[in-house]
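This report refers to the structure that appears directly beneath it.
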Amino acid sequence: MAALSRKWDPLFVLVLGSLVFSCKGDVLKTSNDRTESISATKIEESSPQAADLGDLRQSDEAESNEDRKAFTPPPPNDQFQEEMVIRPLYSGDIYASFQFRTQWDTDFLHDGKKAVSHYRLFPKSLGQVLSKFSVRELHISFTQGYWRTMQWGQPFIPSPPGAELWVWFHHTVTDVDGNWKELTNVLSGIFCASLNFIDSTNTVEPSASFKPLGLGNATDHRFLRYATLPREIVCTENLTPWKKLLPCGSKAGLAVLMKSEKLFHSSFHSQAVHIRPVCKDWQCTSTAWELRQTLNVVFDLYTSGQGKKEWSLFKMFSRTLTEACPLASSSKIYVDVTDNPGGELFDLSPSSPLISTAVVLGDRRTYSVYDLTKKETFGQLRSLNLLLRWKGESDDMLRPPLHAERYVSGFGLQKGEIHTCLYNSHPYRAYPVLLLDSLPWYLRLYVHTLTVTSKTRENKPSYIHYQPSKDRLRPHLLEMLVQLPPHSVTEVTVQFERALLKWTEYTPDPNHGFYIGSSVISALVPSIVAMDTNSTRDRPLFSSFFPTKEESSYFMRVYTEPLLVNLPTPDFSMPYNVICLTCTVVAVGYGSFYNLLTRTFQVDEPSAPLAKRLANIIRRLRGVPLL
Amino acid sequence: MGLLSDPNRRKAITSLLTRLNTPICVVCYLAGIAWFMGLAFEPFTLRTYMSENAMGSTMVEERFPSGERALATAREFAAHKKKVGGMPVDWLVKTMRAQGLEVFTQSFSRNLPFPDESKERFVVRGTNVYGILRAPRAPRTEALVLSAPCSPGNSNNQAVGLLLGLAQYFRSQIYWAKDIIFLVNEHDLIGVQAWLEGYHHTNITGMGYTPLQGRAGSIQAALSLELNSDVVTSLDLVLEGLNGQLPNLDLANLFHAFCQKLGILCTIQGKLQRSDWDTVEGYTHSAQTMLLMVLKQASGRPWGEHGLFLRYHIEAASIRGVNSFRQYKTDATSIGRLFEGMVRKLNNLLERLHQSYFFYLMPSLTRFVSIGYYMPAFGLLTTILLLRALDLWVHLGTPTPVTEDGVGEGESPSSPGLLSVLTPVVISHLTGVALYTLPVLSQEMAVEHFPVSETEAVVLTAIAIYTAGLALPHNTHRLISGEGTEQGWRVLKLVALLYLAVLLGCTALINFSLGFILAVTLVPAAACVTPHVPKALSAVAMVLLSPGCTILYCVFLFQELQEVPVSLAEGWMLFLSVISQGILDHALYGSLVYPLLALLVYPCWLLFWNILFWK
C-alpha cells in the first residue's frame, strides 16, 4: 500500500483501500508490479529488519521507520508488514514462524480529542478495546504444546502452554481490577477463548518479571495484570478470529498457508497478539501503535514428514505461495541457512540470491531471503514452493544457555514438593534470572521450606517478592532473583499441602487433577556470539575486543511445563450411599443417645393386679382405707 | 439402645451371649469360612464390566503391523546383551534415539542387606534406559509408561523387542494426548524402584540413584510386559502389587476386552476361564483361582514390575506371555496390537482410572468379588473375638455369683495389678522387636560362628528367635507380680482379644487377604486358649496355629494350587526362602508384611501363648 499511496492522491487511497478489501482483482496485480522496483532496493539493506524479528525488546523500529520514511514522502498513517521465518531444527523437525506487523500512527488513549473512528489496516475490534479500557500494552498468546528447548533451541517469541495474557493499563486508570475483568471478558469474545475464566484467583501483579516492551517507563506494577490459563485448549475456533484480524485475512499473502488442518497436525502451535506503543520516527517525538500477530508452528519429522528429512511449503501447509498480501509494504520469507553455508547439509530450492545476517537470540544467523513482492521470486510456475532436502546428518545442537523444568515430587495426596530446576549451560558465565511462580491457593505453600540450591550449596536469592494467597481470593505470587553459577543446575524447591476443596469447587473431572501454570524465567543471557572467538576472523580486530552491548547478552524468557496436581477428591459417585449412611448414623446414634441422656430414671412400682385395683375402688366408695 | 437401657433385657441378652457363647462362636467361624468359599461360586459373584466411559465406548482400531520386525529387534537386542554381558545401554540409547524418542538413562546402585540367593545378587549396580515419546501439542502434564525388564540370561528379549517395535510405530502416530515413556530397566524390581523413586524424587528405601533428566508429568497408568518366546499360547494378567494393593479393576477389564477382541487366550493366575460353573470341577477351578489371588495378595510382594507403581497411585498391571504346549498360538503382531489397543484406550482417558473397584478378588477374569461381598466373611471371624471378649468382660464384672449388678468389681480382692498385664505385653513386644531387628544385624556374627551363608544365617536367626520367644515370656510376669491369679489371665486375655481384633481389622482394611488368612488361624487359638486346658495338647495346637506355621501352610497350599506340589523337604526350603524374600522385600521395596508379622502379630500371639502357661 505504501507504494500505491505515493502515486495517487491520499484521499483516493482510502477509497481504493476499501476496494481492495472487497475485491482483489486486477488492481492488486498492478499494485504488485509497481511495488517491485522500490522493494528491490529495499531488500539489500534488510538486515536491521531481520534482527528485529528475534527480539521484541530490541528497539530498532526507529531505524526501519527511518528507512521507510526516506521513500514515502506523504507518510501513510498505517502500514503492514508480513514475514515468515523457516528454521530447520536439529531434531529434523521444522519450525515456521509468522509475524504480521501493523503500525498505526494514532493515539487511542487521548480521551480529550475525538475518538478514533476510522480504521484501515488496524483491526477495529482491538482498537476499540484499547481505547475503552485504556490499555497501554497488551500481550496475549494461545499455545497448544510445549516448546522443547532441548530439542528445538530457543523460540523467537516464547509462550507458555495454554493461554497467557498480560496487560499494562494506562496510569490514569482508577479501577484496574474492574477494567481487567471487563477486558478479559471482551477478549474472550474476540478470540473465542475461555479467557473469562481469568479472575482474581489466577491473576497476579508481578513486580519485576514483566516490564513494558513498548514505549513508556511504567514501573508501577499496580497497573500490570498477568494471568495464565494452562488448561486452555487452542484449536481452529481460536485461529479463525485471529486470522480475521489480518488486513488480508487468509485470502492473500503468507496467511494463505494457515490452513488449520495442517497447523494443528504439528508438534507445537502458538499464536499471539502483541500490542504496544512504539516510536513513530527517529526522534521519537510521537508514538505509534504496533500490532504484532505471531504464529509459531513446529512440524514433526515423524508424523508430518513420514520420517524423511525433506520439507517443502506444500508438505508443511498443503499450499504454495503465489502472491504477497497486496496491502503489505513488505512480505518476505527467511530461511535459516546458518548451518548450511556451502549447501552441504541440505538443498534449498529455489535458491535465493538474497542473504541476510543478523544476531538473533545471541547467535549470528544467516538467512536466505525471498521477497514475495517481487515477481521473479515465484519463477516460471508463478508459485513458490520452498523445498529443503537434507543431504547429510546434522551434528548435535549446541545446548541452549538456559532452560528449565519443573515437577512435583513425592506421593500421596497430603503433601508434595514443587521442584524447579534451572539449568545454566554457559561454560563460564554466571548470570541472574528472575523466577516468577504463581500458584493457586489450593496448594498451601510452606514458604519456610523454600530452598534454592546450586551445586549442593545454598544459593541465597538477592531479591524475593512473596505475596501469600488468600483462600478463594488470590493466588500465591513468588518472584525471586537468583544468580545461576556457570554450568550448573539450580534447584528451587518448596513444599505444599493439598487443600480439601468444598464439594462445589471441584471441576467436573476432579480425578484428572488441577493445572498449575508454568513458572516464568526471565533473564539476560550472555550470548553465544560473545563466546565465539572465531568471530574475530571476519571482523576488524579493533572492533572486537570489548563485547558490544547488544551482542554481549540478550533477553530470554523460558517457561516451564505446567503441572498437573491431584487433590484429595471425594468419591462423587456415591452421594446416595453417603447420605444413607450419615442419616442412619445420625438417626440411630443421635436419637438413642439423646434419649438416654435426657430420660429421668425412676424406680418403677409394679402395678397392682386387677383384682386388687377393683377391690380398692370398692373400698374407696365405701370410705374404708385402701389395701 | 432402648434394648440396652433396660437392665432386665440387657441382662437377658448378656446371659444369652455368655451361655451360648461357644456355639455362637463355632457357628460364626464356620459361617465365615463358608461365606469365603462361597465367593468363588459363580452365581454369587458379579460379572465384570467397564465402568470408565472414556475407555468403554470409544472405538480403537489396531494396526500395529511389525511383529516380525519387533522380533528381529529382539534378536539384535539379545546379541548386544550377550556381547556386553548385561544391559546394552549404548545400543538401546542409539536405537531409541533413532526412533525419535527423547532418551535418558539413570544409573542406580543398591546394597542388599544380605545376599539374595534366589536371584544371586548382593551389590546391585545397573542402568535404566527410558525414552519419552512426546505427544504432539501436549504440555507434558500426563504420561503413560510401558516397561520391559532387561532380565539376565536369555529371557525377556522379546518383550524389549516388542517394546521398541511399539515405540517406533507409536512415534509416527499423531493421536497421542499423553506422553508415553518406554522404560527398559535392569535388575527387574530394583531397577523399577530406582526409576520410580527418581521420577518422584523420593527416597524411601535407601536406594542410590542419579537424578532423572527427563520427565513427562504425572503418570496415569503403566503396563509392564514380560515375553520370553516368539509366539505365545496365552497371556497372563498379574495384578497383585506391593502390600496387596491392586490396580483399578477397569485395567483388568480393558485387558480382557482386547483379548476377546483379538482372539487371544487370556488367563489370570495362569488359569483359563471355565464355563461349567455348575459342576464341581468348575467350582474347584474358580476356588483355586481365587485362593491363588488371596495367597499372592496376602504375601504383600509385588508379583510383577507393575506392583511398585501402585504406591504412586499409578494404575498398573503386568502382562506375561505364556508359551505352553497348546496348539493355539499367538504371534508378536497380535500381542503388539493388544498393547496398541490398550495404550490407545488409556491415552483416551480424561481422568485417572477411578470409576471401578480398587478392592476386589477375582475368581476368574470375567467375575469379581467386591469388597462389600468379601468383608462379611472376615467380619464373621472377628465377631468371635468380640464375643469372647464380651464373655470375659461379663465374667470379670461378676466375680462371684452372689454380688448383684457388678457393683463391687473394682474392690474385688483378686483384681490384678496393672503390672501383671503390662509385663507380658511389653516382653512379647520386645521379643517382636528382636525378631524384627536381630536377623539382619547379627548375620555377620552368625556367619562367623556357624557354617552357614549370610542368607541362611538371617533366616535361621529369625526362626531361632521365633522359637526362643516361645520359651521366654510365659514365666516372666511372675518375676514382678508373683503368682498369677485367675483374674489376671482373664484381664490379659481380654486385652489380647481386643488387641487382636483391632490388629486384624486394620490389616484386613488394607490387605484383606492377609487379614483373612491370619484370622483363620489365629482366631480359633485366641478363642479357645485358657490355662485350664490340657497343656501339652494345647501347646501343640497353639504352635500349629501360630503365624510362622501359617506361612508354612500357605507355602504348601500355594504350591498345591499352582499344580506343582512339593515334598516336605522342598516345602521347608521354600519356606526358608519365603522368609528371606519377605525380609528382602521389606528392605528393598518397603513391603510391610514382615514388620507387621514380627512387630505386631507375633507378639499378640505370644500373649495367648502366655495365657496357656499361666500359673
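How things are named: the first chain in the C-alpha cells is A, the next is B, and so on; residues count from 1 in each chain; ligands count from 1 in the order shown.
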Requested in this report: Skip Asp371 of chain A itself and residues of its chain fewer than 4 positions away, then list as JSON, numbers by chain all residues within 8 Å of it, counting only C-alpha atoms.
Outcome: {"A": [43, 330, 331, 332, 333, 377]}
Report task. Using DSSP on the backbone coordinates, identify the residues of segment 229-264 of chain B assigned to helix (DSSP H, G or I); present them as a VMD selection string. Result -> chain B and resid 242 to 244 249 to 262
Query - 8 Å contacts from chain B to chain A using only C-alpha atoms, as number ranges by chain - result: B: 1-2, 5, 100, 135-142, 171-174, 199-202, 215, 217-218, 311-313, 350-352, 354
Report task. Skip Leu291 of chain A itself and residues of its chain fewer than 4 positions away, then list as a VMD selection string all residues within 6 Å of it, counting only C-alpha atoms. Result -> chain A and resid 101 to 102 274 to 275
Writing out the chosen residues with N, CA and C atoms as a compact mmCIF listing (two decimals), in the first residue's frame:
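See out-v9.txt below for the written result:
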# COMPACT_ATOMS: atom_id res chain seq x y z
N ARG A 101 2.87 -7.44 11.15
CA ARG A 101 3.04 -6.25 11.96
C ARG A 101 2.25 -5.13 11.32
N THR A 102 1.34 -4.58 12.08
CA THR A 102 0.58 -3.43 11.63
C THR A 102 0.97 -2.27 12.51
N HIS A 274 0.41 -9.09 20.09
CA HIS A 274 1.12 -8.16 20.96
C HIS A 274 0.79 -6.76 20.49
N ILE A 275 0.33 -5.94 21.38
CA ILE A 275 0.05 -4.55 21.04
C ILE A 275 0.86 -3.68 21.98
Query - DSSP strand (DSSP E or B) residues within segment 114-336 of chain A, listed as a PyMOL selection string - result: chain A and resi 135-144+162-169+203-204+224-229+268-279+287-299+310-312+321+330-336
